[in-house]
>>> print(open('start-v3.cif').read())   # mmCIF, C-alpha atoms
data_protein
#
loop_
_atom_site.label_atom_id
_atom_site.label_comp_id
_atom_site.auth_asym_id
_atom_site.auth_seq_id
_atom_site.Cartn_x
_atom_site.Cartn_y
_atom_site.Cartn_z
CA MET A 1 26.73 141.09 -169.80
CA ALA A 2 27.98 141.41 -166.19
CA TRP A 3 31.19 143.23 -167.12
CA THR A 4 34.08 143.54 -164.71
CA LEU A 5 37.02 145.89 -165.17
CA PRO A 6 39.57 143.09 -165.82
CA THR A 7 37.40 141.41 -168.48
CA ALA A 8 36.64 144.78 -170.10
CA LEU A 9 40.38 145.52 -170.23
CA PHE A 10 41.09 142.04 -171.59
CA PHE A 11 38.62 142.28 -174.47
CA SER A 12 39.55 145.91 -175.17
CA ALA A 13 43.19 144.86 -175.48
CA ILE A 14 42.31 142.10 -177.95
CA ALA A 15 40.12 144.50 -179.96
CA LEU A 16 42.94 147.05 -179.97
CA VAL A 17 45.49 144.51 -181.20
CA LEU A 18 43.07 143.40 -183.94
CA LEU A 19 42.66 147.02 -184.97
CA VAL A 20 46.44 147.50 -185.05
CA LEU A 21 46.82 144.32 -187.11
CA GLY A 22 44.12 145.57 -189.49
CA VAL A 23 45.89 148.90 -189.95
CA ALA A 24 49.24 147.14 -190.32
CA GLN A 25 47.73 144.86 -192.95
CA ARG A 26 46.54 147.87 -194.93
CA HIS A 27 49.92 149.57 -194.92
CA TRP A 28 52.29 146.60 -194.79
CA PRO A 29 50.43 143.54 -196.19
CA THR A 30 51.59 140.35 -194.50
CA VAL A 31 53.25 137.54 -196.43
CA ALA A 32 53.11 133.93 -195.23
CA ARG A 33 56.55 132.85 -194.05
CA ARG A 34 58.19 129.99 -192.23
CA GLY A 35 59.80 130.40 -188.83
CA PHE A 36 60.22 127.83 -186.07
CA LEU A 37 56.54 126.86 -186.32
CA PRO A 38 55.98 123.79 -188.52
CA LEU A 39 53.88 125.71 -191.07
CA ALA A 40 53.91 128.91 -193.08
CA THR A 41 52.07 131.61 -191.12
CA THR A 42 50.82 135.13 -191.71
CA ARG A 43 50.83 137.84 -189.04
CA GLY A 44 47.20 137.03 -188.17
CA ASP A 45 47.98 133.29 -187.88
CA ARG A 46 50.81 134.03 -185.46
CA PHE A 47 48.54 136.28 -183.39
CA PHE A 48 45.93 133.51 -183.18
CA ILE A 49 48.61 130.99 -182.16
CA SER A 50 49.91 133.48 -179.58
CA LEU A 51 46.44 133.91 -178.08
CA LEU A 52 45.86 130.16 -177.95
CA THR A 53 49.30 129.63 -176.40
CA ALA A 54 48.61 132.35 -173.82
CA ALA A 55 45.32 130.70 -172.86
CA LEU A 56 46.99 127.30 -172.50
CA ILE A 57 49.86 128.73 -170.44
CA HIS A 58 47.35 130.29 -168.04
CA LEU A 59 45.30 127.10 -167.79
CA GLY A 60 48.41 125.01 -167.21
CA TRP A 61 49.62 127.44 -164.57
CA LEU A 62 46.29 127.36 -162.74
CA ALA A 63 46.17 123.56 -162.95
CA VAL A 64 49.59 122.87 -161.44
CA THR A 65 50.58 125.78 -159.21
CA ASP A 66 49.20 128.23 -156.66
CA LEU A 67 51.76 130.89 -157.60
CA PRO A 68 50.36 134.33 -158.58
CA VAL A 69 48.77 134.43 -162.04
CA PRO A 70 50.80 137.46 -163.27
CA GLY A 71 53.70 134.98 -163.56
CA ALA A 72 51.70 133.10 -166.18
CA SER A 73 50.79 136.37 -167.90
CA ALA A 74 54.47 137.37 -168.12
CA LEU A 75 55.32 133.95 -169.55
CA ALA A 76 52.44 134.23 -172.04
CA LEU A 77 53.55 137.70 -173.16
CA PHE A 78 57.10 136.43 -173.69
CA ALA A 79 55.83 133.39 -175.64
CA GLY A 80 53.55 135.66 -177.71
CA ALA A 81 56.41 138.01 -178.55
CA VAL A 82 58.62 135.08 -179.62
CA ILE A 83 55.86 133.57 -181.78
CA MET A 84 55.04 136.91 -183.43
CA ALA A 85 58.72 137.63 -184.14
CA LYS A 86 60.16 134.21 -184.96
CA GLY A 87 57.20 131.89 -185.49
CA MET B 88 42.95 145.34 -211.79
CA ARG B 89 41.12 146.02 -208.52
CA THR B 90 40.16 149.59 -207.76
CA LYS B 91 39.60 151.26 -204.42
CA PRO B 92 35.74 151.50 -204.66
CA GLU B 93 35.57 147.75 -205.41
CA ARG B 94 37.59 146.94 -202.30
CA GLN B 95 35.26 149.11 -200.20
CA ALA B 96 32.22 147.31 -201.66
CA ALA B 97 33.77 144.00 -200.61
CA TRP B 98 34.02 145.25 -197.03
CA LEU B 99 30.31 146.15 -197.09
CA MET B 100 29.41 142.70 -198.39
CA VAL B 101 31.34 141.04 -195.58
CA LEU B 102 29.71 143.25 -192.95
CA PRO B 103 26.49 141.17 -192.49
CA VAL B 104 28.55 138.04 -191.81
CA VAL B 105 30.72 139.94 -189.34
CA LEU B 106 27.62 141.17 -187.51
CA VAL B 107 26.00 137.74 -187.41
CA VAL B 108 29.20 136.10 -186.12
CA ALA B 109 29.62 138.89 -183.58
CA PHE B 110 26.15 138.50 -182.13
CA SER B 111 25.92 134.72 -182.37
CA GLY B 112 29.47 133.86 -181.36
CA VAL B 113 31.57 136.66 -179.95
CA VAL B 114 29.03 138.34 -177.65
CA PRO B 115 27.92 135.06 -175.98
CA LEU B 116 31.58 134.09 -175.56
CA MET B 117 32.34 137.43 -173.91
CA THR B 118 29.38 136.92 -171.60
CA VAL B 119 30.63 133.50 -170.58
CA VAL B 120 34.10 134.90 -169.87
CA ASN B 121 32.51 137.62 -167.74
CA TYR B 122 30.53 135.05 -165.76
CA SER B 123 33.59 132.83 -165.32
CA VAL B 124 35.42 135.34 -163.11
CA GLN B 125 32.47 136.09 -160.83
CA ASP B 126 30.49 134.37 -158.11
CA ILE B 127 26.92 135.15 -159.17
CA LEU B 128 24.36 134.79 -156.38
CA ASP B 129 21.42 136.55 -158.06
CA VAL B 130 20.80 139.22 -160.69
CA ASP B 131 22.18 142.06 -158.56
CA THR B 132 24.59 140.23 -156.27
CA ARG B 133 27.90 139.07 -157.69
CA PHE B 134 31.52 139.10 -156.58
CA PHE B 135 34.73 139.14 -158.58
CA VAL B 136 36.71 135.96 -157.82
CA GLY B 137 39.47 136.12 -160.43
CA PHE B 138 40.61 132.72 -161.68
CA ASP B 139 39.24 130.72 -158.72
CA TRP B 140 36.62 128.87 -160.76
CA TYR B 141 39.22 127.96 -163.38
CA ARG B 142 41.55 126.62 -160.68
CA ASP B 143 38.71 124.55 -159.17
CA ALA B 144 37.59 123.23 -162.55
CA LEU B 145 41.11 122.30 -163.69
CA ARG B 146 41.70 120.35 -160.46
CA ASP B 147 38.28 118.66 -160.46
CA VAL B 148 38.72 114.88 -160.72
CA ARG B 149 35.25 114.48 -162.26
CA LEU B 150 36.25 116.85 -165.07
CA HIS B 151 39.45 114.86 -165.70
CA GLU B 152 37.44 111.64 -165.89
CA ALA B 153 34.82 113.21 -168.18
CA LEU B 154 37.58 114.61 -170.40
CA TRP B 155 39.28 111.23 -170.66
CA ARG B 156 35.96 109.53 -171.54
CA GLN B 157 35.24 112.28 -174.06
CA LEU B 158 38.56 111.83 -175.87
CA VAL B 159 38.25 108.03 -175.92
CA PHE B 160 34.71 108.27 -177.28
CA SER B 161 35.51 110.91 -179.93
CA PHE B 162 38.60 109.18 -181.30
CA THR B 163 36.96 105.73 -181.21
CA ALA B 164 33.97 107.03 -183.17
CA LEU B 165 36.27 108.83 -185.61
CA ALA B 166 38.49 105.75 -186.05
CA ILE B 167 35.45 103.69 -187.06
CA GLU B 168 33.40 106.24 -189.02
CA LEU B 169 36.18 107.52 -191.25
CA PRO B 170 37.40 104.23 -192.80
CA LEU B 171 33.89 102.79 -192.83
CA GLY B 172 32.52 105.88 -194.57
CA ILE B 173 35.26 105.78 -197.21
CA LEU B 174 34.72 102.04 -197.73
CA VAL B 175 30.99 102.50 -198.25
CA ALA B 176 31.56 105.50 -200.55
CA ARG B 177 33.94 103.41 -202.68
CA CYS B 178 31.36 100.64 -202.97
CA LEU B 179 28.58 102.95 -204.17
CA PRO B 180 27.94 103.19 -207.91
CA ARG B 181 29.13 106.58 -209.21
CA GLN B 182 26.11 107.34 -211.38
CA GLY B 183 22.64 106.16 -212.38
CA ARG B 184 19.42 105.64 -210.45
CA ALA B 185 21.00 103.16 -208.06
CA ALA B 186 23.52 105.80 -206.98
CA SER B 187 20.79 108.36 -206.29
CA LEU B 188 18.68 105.85 -204.39
CA LEU B 189 21.58 104.63 -202.25
CA LEU B 190 22.67 108.20 -201.47
CA VAL B 191 19.17 109.05 -200.27
CA LEU B 192 19.09 105.90 -198.13
CA CYS B 193 22.52 106.77 -196.71
CA ALA B 194 21.35 110.26 -195.83
CA ILE B 195 18.33 109.11 -193.79
CA PRO B 196 20.14 108.78 -190.42
CA LEU B 197 21.38 112.36 -190.81
CA LEU B 198 17.79 113.60 -190.99
CA VAL B 199 16.73 112.05 -187.68
CA PRO B 200 16.64 114.54 -184.78
CA LEU B 201 19.24 113.92 -182.06
CA ASN B 202 16.80 113.10 -179.27
CA VAL B 203 14.92 110.72 -181.59
CA VAL B 204 18.21 108.92 -182.36
CA GLY B 205 18.72 108.44 -178.61
CA THR B 206 15.17 107.16 -178.17
CA ILE B 207 15.42 104.80 -181.15
CA TRP B 208 18.58 103.22 -179.74
CA GLN B 209 17.23 103.19 -176.20
CA ILE B 210 14.41 100.93 -177.39
CA PHE B 211 16.42 99.10 -180.06
CA ALA B 212 19.13 98.06 -177.54
CA ARG B 213 16.85 97.01 -174.69
CA GLY B 214 17.44 93.43 -173.70
CA ASP B 215 13.77 92.57 -173.22
CA ILE B 216 11.90 94.22 -176.09
CA GLY B 217 14.59 95.76 -178.33
CA MET B 218 15.52 93.96 -181.54
CA LEU B 219 19.28 94.39 -181.03
CA GLY B 220 19.32 93.68 -177.30
CA ALA B 221 17.04 90.66 -177.60
CA ALA B 222 19.07 89.29 -180.53
CA ILE B 223 22.35 89.58 -178.61
CA ASN B 224 20.78 87.98 -175.55
CA GLY B 225 19.41 85.27 -177.83
CA LEU B 226 23.02 84.42 -178.77
CA GLY B 227 23.68 83.62 -175.11
CA ILE B 228 25.48 86.89 -174.31
CA ASP B 229 24.21 88.63 -171.18
CA TYR B 230 23.85 92.09 -172.77
CA ASN B 231 22.46 94.96 -170.71
CA TYR B 232 23.58 98.49 -171.51
CA THR B 233 21.88 99.96 -168.45
CA ARG B 234 23.94 97.79 -166.10
CA GLU B 235 27.29 97.08 -167.80
CA PRO B 236 29.59 100.04 -168.61
CA LEU B 237 31.23 98.19 -171.54
CA HIS B 238 27.85 97.44 -173.08
CA ALA B 239 26.77 101.06 -172.60
CA TRP B 240 29.94 102.24 -174.35
CA MET B 241 29.54 99.81 -177.25
CA THR B 242 25.91 100.86 -177.69
CA LEU B 243 26.86 104.55 -177.64
CA VAL B 244 29.62 104.07 -180.21
CA ALA B 245 27.34 101.95 -182.40
CA MET B 246 24.67 104.63 -182.21
CA ASP B 247 27.14 107.36 -183.20
CA VAL B 248 28.49 105.24 -186.06
CA TRP B 249 24.94 104.56 -187.29
CA HIS B 250 24.06 108.24 -187.08
CA TRP B 251 27.15 109.89 -188.55
CA THR B 252 28.96 107.50 -190.89
CA SER B 253 26.56 108.68 -193.61
CA LEU B 254 28.14 112.12 -193.47
CA VAL B 255 31.56 110.66 -194.30
CA VAL B 256 29.94 108.54 -197.03
CA LEU B 257 28.34 111.57 -198.67
CA LEU B 258 31.49 113.67 -198.48
CA GLY B 259 33.62 110.74 -199.66
CA PHE B 260 31.25 110.11 -202.55
CA ALA B 261 31.49 113.77 -203.57
CA GLY B 262 35.30 113.55 -203.49
CA LEU B 263 35.40 110.30 -205.48
CA SER B 264 32.95 111.66 -208.06
CA SER B 265 35.28 114.54 -208.78
CA ILE B 266 38.12 112.25 -209.96
CA PRO B 267 38.33 112.27 -213.78
CA PRO B 268 38.08 108.78 -215.38
CA ALA B 269 41.44 109.40 -217.08
CA TYR B 270 43.18 108.88 -213.74
CA TYR B 271 41.70 105.41 -213.39
CA GLN B 272 42.56 104.60 -216.99
CA ALA B 273 46.17 105.67 -216.43
CA ALA B 274 46.35 103.60 -213.24
CA ASP B 275 44.90 100.62 -215.12
CA LEU B 276 47.49 100.97 -217.88
CA ASP B 277 50.22 101.04 -215.24
CA GLY B 278 48.83 97.83 -213.76
CA ALA B 279 48.01 99.40 -210.39
CA GLY B 280 46.17 97.22 -207.89
CA ARG B 281 43.11 98.30 -205.90
CA TRP B 282 45.18 99.46 -202.94
CA GLN B 283 47.57 101.43 -205.17
CA VAL B 284 44.61 103.09 -206.93
CA PHE B 285 43.17 104.03 -203.57
CA ARG B 286 46.48 105.25 -202.14
CA HIS B 287 47.80 107.20 -205.13
CA VAL B 288 44.68 108.22 -207.07
CA GLU B 289 41.70 108.40 -204.74
CA LEU B 290 43.18 109.39 -201.39
CA PRO B 291 44.90 112.58 -202.68
CA HIS B 292 41.62 113.70 -204.22
CA LEU B 293 39.72 112.84 -201.05
CA ARG B 294 42.02 114.83 -198.77
CA ALA B 295 40.03 118.09 -198.83
CA VAL B 296 36.64 116.47 -198.20
CA LEU B 297 38.10 114.13 -195.60
CA LEU B 298 39.56 117.10 -193.77
CA ILE B 299 36.08 118.63 -193.63
CA ALA B 300 34.61 115.29 -192.53
CA VAL B 301 37.19 114.82 -189.78
CA LEU B 302 36.82 118.35 -188.46
CA LEU B 303 33.01 118.21 -188.50
CA ARG B 304 32.93 114.82 -186.78
CA LEU B 305 35.63 115.72 -184.28
CA MET B 306 33.91 118.96 -183.25
CA ASP B 307 30.51 117.30 -183.18
CA SER B 308 31.58 114.27 -181.17
CA LEU B 309 33.46 116.45 -178.69
CA MET B 310 30.23 118.37 -178.09
CA ILE B 311 27.90 115.34 -178.02
CA TYR B 312 25.15 115.70 -175.45
CA THR B 313 21.62 114.74 -176.47
CA GLU B 314 22.09 111.15 -177.65
CA PRO B 315 24.03 109.86 -174.60
CA PHE B 316 21.71 111.82 -172.31
CA VAL B 317 18.66 110.07 -173.76
CA LEU B 318 20.29 106.64 -174.17
CA THR B 319 22.23 106.15 -170.95
CA GLY B 320 21.75 109.35 -168.94
CA GLY B 321 25.51 109.25 -168.28
CA GLY B 322 25.32 105.85 -166.61
CA PRO B 323 25.75 103.23 -165.38
CA GLY B 324 27.16 105.40 -162.59
CA ASN B 325 29.14 108.07 -164.40
CA THR B 326 30.76 105.78 -166.93
CA THR B 327 29.26 107.49 -169.98
CA THR B 328 29.16 111.04 -168.63
CA PHE B 329 30.94 113.21 -171.17
CA LEU B 330 32.06 116.82 -170.87
CA SER B 331 28.82 118.40 -172.07
CA GLN B 332 26.72 116.37 -169.66
CA HIS B 333 29.03 117.19 -166.77
CA LEU B 334 28.76 120.85 -167.77
CA ALA B 335 24.95 120.67 -167.93
CA THR B 336 24.88 119.19 -164.42
CA ILE B 337 26.88 122.15 -163.08
CA ALA B 338 25.08 124.85 -165.09
CA VAL B 339 21.48 123.64 -165.09
CA GLY B 340 21.36 121.06 -162.30
CA GLN B 341 23.29 122.98 -159.66
CA PHE B 342 22.88 126.44 -161.27
CA ASP B 343 26.51 127.29 -160.46
CA LEU B 344 26.96 129.86 -163.23
CA GLY B 345 30.52 130.91 -162.39
CA PRO B 346 32.05 127.40 -162.29
CA ALA B 347 29.96 126.39 -165.32
CA ALA B 348 31.21 129.42 -167.27
CA ALA B 349 34.85 128.64 -166.37
CA PHE B 350 34.27 125.03 -167.43
CA SER B 351 32.72 126.26 -170.71
CA VAL B 352 35.74 128.42 -171.52
CA ILE B 353 38.10 125.49 -170.86
CA TYR B 354 35.86 123.21 -172.95
CA PHE B 355 35.82 125.75 -175.80
CA LEU B 356 39.60 126.11 -175.71
CA LEU B 357 40.05 122.34 -175.75
CA ILE B 358 37.87 121.92 -178.85
CA LEU B 359 39.53 124.90 -180.53
CA LEU B 360 43.00 123.50 -179.79
CA LEU B 361 42.22 119.98 -180.99
CA CYS B 362 40.57 121.16 -184.20
CA TRP B 363 43.34 123.64 -184.92
CA LEU B 364 46.03 121.02 -184.29
CA PHE B 365 44.25 118.51 -186.51
CA HIS B 366 43.72 121.03 -189.28
CA THR B 367 47.33 122.20 -189.10
CA LEU B 368 48.72 118.67 -189.17
CA VAL B 369 46.60 117.70 -192.18
CA VAL B 370 47.39 120.91 -194.09
CA ALA B 371 51.11 120.57 -193.29
CA GLY B 372 50.99 116.95 -194.50
CA ALA B 373 49.28 118.05 -197.72
CA GLU B 374 51.95 120.72 -198.29
CA ARG B 375 54.70 118.13 -197.76
CA ASP B 376 53.06 115.74 -200.25
CA ASP B 377 52.61 118.50 -202.84
CA ALA B 378 56.24 119.65 -202.51
#
>>> encode(input="start-v3.cif", output="structure tokens")
Amino acid sequence: MAWTLPTALFFSAIALVLLVLGVAQRHWPTVARRGFLPLATTRGDRFFISLLTAALIHLGWLAVTDLPVPGASALALFAGAVIMAKG
Amino acid sequence: MRTKPERQAAWLMVLPVVLVVAFSGVVPLMTVVNYSVQDILDVDTRFFVGFDWYRDALRDVRLHEALWRQLVFSFTALAIELPLGILVARCLPRQGRAASLLLVLCAIPLLVPLNVVGTIWQIFARGDIGMLGAAINGLGIDYNYTREPLHAWMTLVAMDVWHWTSLVVLLGFAGLSSIPPAYYQAADLDGAGRWQVFRHVELPHLRAVLLIAVLLRLMDSLMIYTEPFVLTGGGPGNTTTFLSQHLATIAVGQFDLGPAAAFSVIYFLLILLLCWLFHTLVVAGAERDDA
């Protein structure tokens, strides 16, 4: 599969978060709620939206600027945290 | 009341689906992501390049043009197929032999393989020997889909409408068949016109099947490859080159695996985003209407 360390870390991180969400679901079942997003979301929905947002932030960053990519990653992490907490 | 052993059995029953999805969807996707950050020269020689291929792809003018063409094509096809499919479904008899016969006839285009659809329309639309092309030329219109971009586009859209409207018809028919006659009787007693019956009785019942129809058609049309490849080959020039054909040129024609993989990931994210947005908007609209 031609693994590289960054891609291995990336997928491991996603797998780890999914595992944490699975454990959290078992102990503290999620309830759909409304935040600033225009629809009721569960914890898993907000994680999916966070991932999609992170991908789009990175693509937008790469499309319009030559600044270092960690800037986009920091922005994506911030956006993800806001969506998970208030979305 | 559910017990713990039952819940564990449910997990076991889901396991085969999880495995199939993992090996058919997740593993290939991971492979593509791995390729997209490397410059692969041969089986043993590859270099990590970070996001370089993504940056190149996102700033590629040919990709922007293909994306624009793709969106115009997909939404044009959807804008025609959806209302036309509902209209045809409404005109079909709900029961009896005629209904069965017409449904089978409607389903025929869906059974034709994609490359055969392209070949049928390639011949059908030819100006010299094709029935459609010759008929249009006979009307005094200089029609040639291999030379004129507008004609190529109209032929492609017509081909897609011919091929896929049946899907909307079948789904629409299923939705309409599920409406109890009492609803129509109540609407009749209230003196509702045809439009009011459609708007307030039929459309709410069609929402679920239409959502499926829209998502299926949107995803399918965004990924269209075979029919345009056979019919126009992306031409004249590049005027009917859509995303998938542009991708195939990079991946198979030039064998640039890294750039093609980066393109694939962007393509995947685009389709995922559009379908998710569409689904969310429709579901949110349904929730608003139900409230």
>>> resolve_selection(input="start-v3.cif", expression="the PyMOL selection byres ((chain A) within 6 of (chain B))", output="list in words")
Met1, Trp3, Leu62 and Ala63 of chain A
>>> resolve_selection(input="start-v3.cif", expression="the PyMOL selection byres ((chain A and resi 30) around 10)", output="VMD selection string")
chain A and resid 21 24 to 29 31 to 33 41 to 44
>>> atom_distance(input="start-v3.cif", atom1="atom CA of B:Leu150", atom2="atom CA of B:Tyr354")
10.1 Å
>>> resolve_selection(input="start-v3.cif", expression="the PyMOL selection byres ((chain A and resi 50) around 10)", output="list in words")
Gly44, Asp45, Arg46, Phe47, Phe48, Ile49, Leu51, Leu52, Thr53, Ala54, Ala55, Leu56, Ala76, Leu77, Phe78, Ala79, Gly80, Ala81, Val82, Ile83, Met84 and Gly87 of chain A
>>> atom_distance(input="start-v3.cif", atom1="atom CA of B:Pro315", atom2="atom CA of B:Tyr232")
11.8 Å
>>> atom_distance(input="start-v3.cif", atom1="atom CA of B:Ile207", atom2="atom CA of B:Thr326")
20.9 Å
>>> residues_around(input="start-v3.cif", residues="B:Ile337", least_positions_apart="3", cutoff="12 Å", atoms="all atoms listed in the file", output="number ranges by chain")
B: 144, 149-150, 330-334, 340-351
>>> write_last_selection(input="start-v3.cif", atoms="C-alpha atoms", output="PDB file, keeping the file's coordinate frame")
ATOM      1  CA  ALA B 144      37.590 123.230-162.550  1.00  0.00           C
ATOM      2  CA  ARG B 149      35.250 114.480-162.260  1.00  0.00           C
ATOM      3  CA  LEU B 150      36.250 116.850-165.070  1.00  0.00           C
ATOM      4  CA  LEU B 330      32.060 116.820-170.870  1.00  0.00           C
ATOM      5  CA  SER B 331      28.820 118.400-172.070  1.00  0.00           C
ATOM      6  CA  GLN B 332      26.720 116.370-169.660  1.00  0.00           C
ATOM      7  CA  HIS B 333      29.030 117.190-166.770  1.00  0.00           C
ATOM      8  CA  LEU B 334      28.760 120.850-167.770  1.00  0.00           C
ATOM      9  CA  GLY B 340      21.360 121.060-162.300  1.00  0.00           C
ATOM     10  CA  GLN B 341      23.290 122.980-159.660  1.00  0.00           C
ATOM     11  CA  PHE B 342      22.880 126.440-161.270  1.00  0.00           C
ATOM     12  CA  ASP B 343      26.510 127.290-160.460  1.00  0.00           C
ATOM     13  CA  LEU B 344      26.960 129.860-163.230  1.00  0.00           C
ATOM     14  CA  GLY B 345      30.520 130.910-162.390  1.00  0.00           C
ATOM     15  CA  PRO B 346      32.050 127.400-162.290  1.00  0.00           C
ATOM     16  CA  ALA B 347      29.960 126.390-165.320  1.00  0.00           C
ATOM     17  CA  ALA B 348      31.210 129.420-167.270  1.00  0.00           C
ATOM     18  CA  ALA B 349      34.850 128.640-166.370  1.00  0.00           C
ATOM     19  CA  PHE B 350      34.270 125.030-167.430  1.00  0.00           C
ATOM     20  CA  SER B 351      32.720 126.260-170.710  1.00  0.00           C
TER      21      SER B 351
END
>>> residues_around(input="start-v3.cif", residues="B:Ala295", least_positions_apart="5", cutoff="12 Å", atoms="only C-alpha atoms", output="list in words")
Leu258, Gly259, Ala261, Gly262, Leu263, Ser265, Glu289, Leu290, Ala300, Val301, Leu302, His366, Val369, Val370, Gly372 and Ala373 of chain B
>>> residues_around(input="start-v3.cif", residues="B:Leu179", least_positions_apart="2", cutoff="12 Å", atoms="only C-alpha atoms", output="list in words")
Gly172, Ile173, Leu174, Val175, Ala176, Arg177, Arg181, Gln182, Gly183, Arg184, Ala185, Ala186, Ser187, Leu188, Leu189, Leu190, Val191, Leu192, Cys193, Val256, Leu257, Gly259, Phe260, Ala261, Leu263 and Ser264 of chain B
>>> write_last_selection(input="start-v3.cif", atoms="C-alpha atoms", output="CSV table (one decimal), in the frame of the given file")
chain,number,residue,atom,x,y,z
B,172,GLY,CA,32.5,105.9,-194.6
B,173,ILE,CA,35.3,105.8,-197.2
B,174,LEU,CA,34.7,102.0,-197.7
B,175,VAL,CA,31.0,102.5,-198.2
B,176,ALA,CA,31.6,105.5,-200.6
B,177,ARG,CA,33.9,103.4,-202.7
B,181,ARG,CA,29.1,106.6,-209.2
B,182,GLN,CA,26.1,107.3,-211.4
B,183,GLY,CA,22.6,106.2,-212.4
B,184,ARG,CA,19.4,105.6,-210.4
B,185,ALA,CA,21.0,103.2,-208.1
B,186,ALA,CA,23.5,105.8,-207.0
B,187,SER,CA,20.8,108.4,-206.3
B,188,LEU,CA,18.7,105.8,-204.4
B,189,LEU,CA,21.6,104.6,-202.2
B,190,LEU,CA,22.7,108.2,-201.5
B,191,VAL,CA,19.2,109.0,-200.3
B,192,LEU,CA,19.1,105.9,-198.1
B,193,CYS,CA,22.5,106.8,-196.7
B,256,VAL,CA,29.9,108.5,-197.0
B,257,LEU,CA,28.3,111.6,-198.7
B,259,GLY,CA,33.6,110.7,-199.7
B,260,PHE,CA,31.2,110.1,-202.6
B,261,ALA,CA,31.5,113.8,-203.6
B,263,LEU,CA,35.4,110.3,-205.5
B,264,SER,CA,33.0,111.7,-208.1
>>> closest_residue(input="start-v3.cif", among="B:Val105, B:Val204, B:Leu309, B:Ile195", to="B:Ser161", atoms="all atoms listed in the file")
B:Leu309
>>> residues_around(input="start-v3.cif", residues="B:Asn325", least_positions_apart="4", cutoff="12 Å", atoms="all atoms listed in the file", output="list in words")
Arg149, Leu150, Glu152, Ala153, Arg156, Thr233, Arg234, Glu235, Pro236, Ala239, Trp240, Pro315, Phe316, Thr319, Gly320, Gly321, Phe329, Leu330, Gln332, His333 and Thr336 of chain B
>>> closest_residue(input="start-v3.cif", among="B:Ile223, B:Ala96, B:Met310, B:Leu197", to="B:Phe160", atoms="all atoms listed in the file")
B:Met310
>>> residues_around(input="start-v3.cif", residues="A:Gly35", least_positions_apart="3", cutoff="8 Å", atoms="only C-alpha atoms", output="VMD selection string")
chain A and resid 38 to 40 86 to 87
>>> build_atoms(input="start-v3.cif", residues="stretch 136-146 of chain B", atoms="N, CA, C and O atoms", output="short mmCIF file (atom, residue, chain, number, x, y, z; two decimals), in the coordinates of the input")
data_model
loop_
_atom_site.label_atom_id
_atom_site.label_comp_id
_atom_site.auth_asym_id
_atom_site.auth_seq_id
_atom_site.Cartn_x
_atom_site.Cartn_y
_atom_site.Cartn_z
N VAL B 136 35.89 137.00 -158.48
CA VAL B 136 36.71 135.96 -157.82
C VAL B 136 37.98 135.63 -158.60
O VAL B 136 38.68 134.68 -158.27
N GLY B 137 38.25 136.39 -159.66
CA GLY B 137 39.47 136.12 -160.43
C GLY B 137 39.40 134.76 -161.12
O GLY B 137 38.39 134.40 -161.72
N PHE B 138 40.50 134.01 -160.98
CA PHE B 138 40.61 132.72 -161.68
C PHE B 138 40.21 131.54 -160.79
O PHE B 138 40.54 130.41 -161.11
N ASP B 139 39.54 131.80 -159.68
CA ASP B 139 39.24 130.72 -158.72
C ASP B 139 38.44 129.57 -159.36
O ASP B 139 38.73 128.40 -159.11
N TRP B 140 37.45 129.93 -160.17
CA TRP B 140 36.62 128.87 -160.76
C TRP B 140 37.44 128.04 -161.74
O TRP B 140 37.23 126.83 -161.87
N TYR B 141 38.36 128.70 -162.44
CA TYR B 141 39.22 127.96 -163.38
C TYR B 141 40.11 126.98 -162.61
O TYR B 141 40.28 125.83 -163.01
N ARG B 142 40.67 127.47 -161.49
CA ARG B 142 41.55 126.62 -160.68
C ARG B 142 40.76 125.40 -160.17
O ARG B 142 41.23 124.27 -160.26
N ASP B 143 39.55 125.65 -159.67
CA ASP B 143 38.71 124.55 -159.17
C ASP B 143 38.39 123.55 -160.29
O ASP B 143 38.48 122.34 -160.10
N ALA B 144 38.00 124.11 -161.44
CA ALA B 144 37.59 123.23 -162.55
C ALA B 144 38.77 122.38 -163.03
O ALA B 144 38.62 121.18 -163.27
N LEU B 145 39.95 123.02 -163.16
CA LEU B 145 41.11 122.30 -163.69
C LEU B 145 41.60 121.22 -162.73
O LEU B 145 42.31 120.31 -163.13
N ARG B 146 41.26 121.35 -161.45
CA ARG B 146 41.70 120.35 -160.46
C ARG B 146 40.56 119.40 -160.06
O ARG B 146 40.71 118.63 -159.12
#
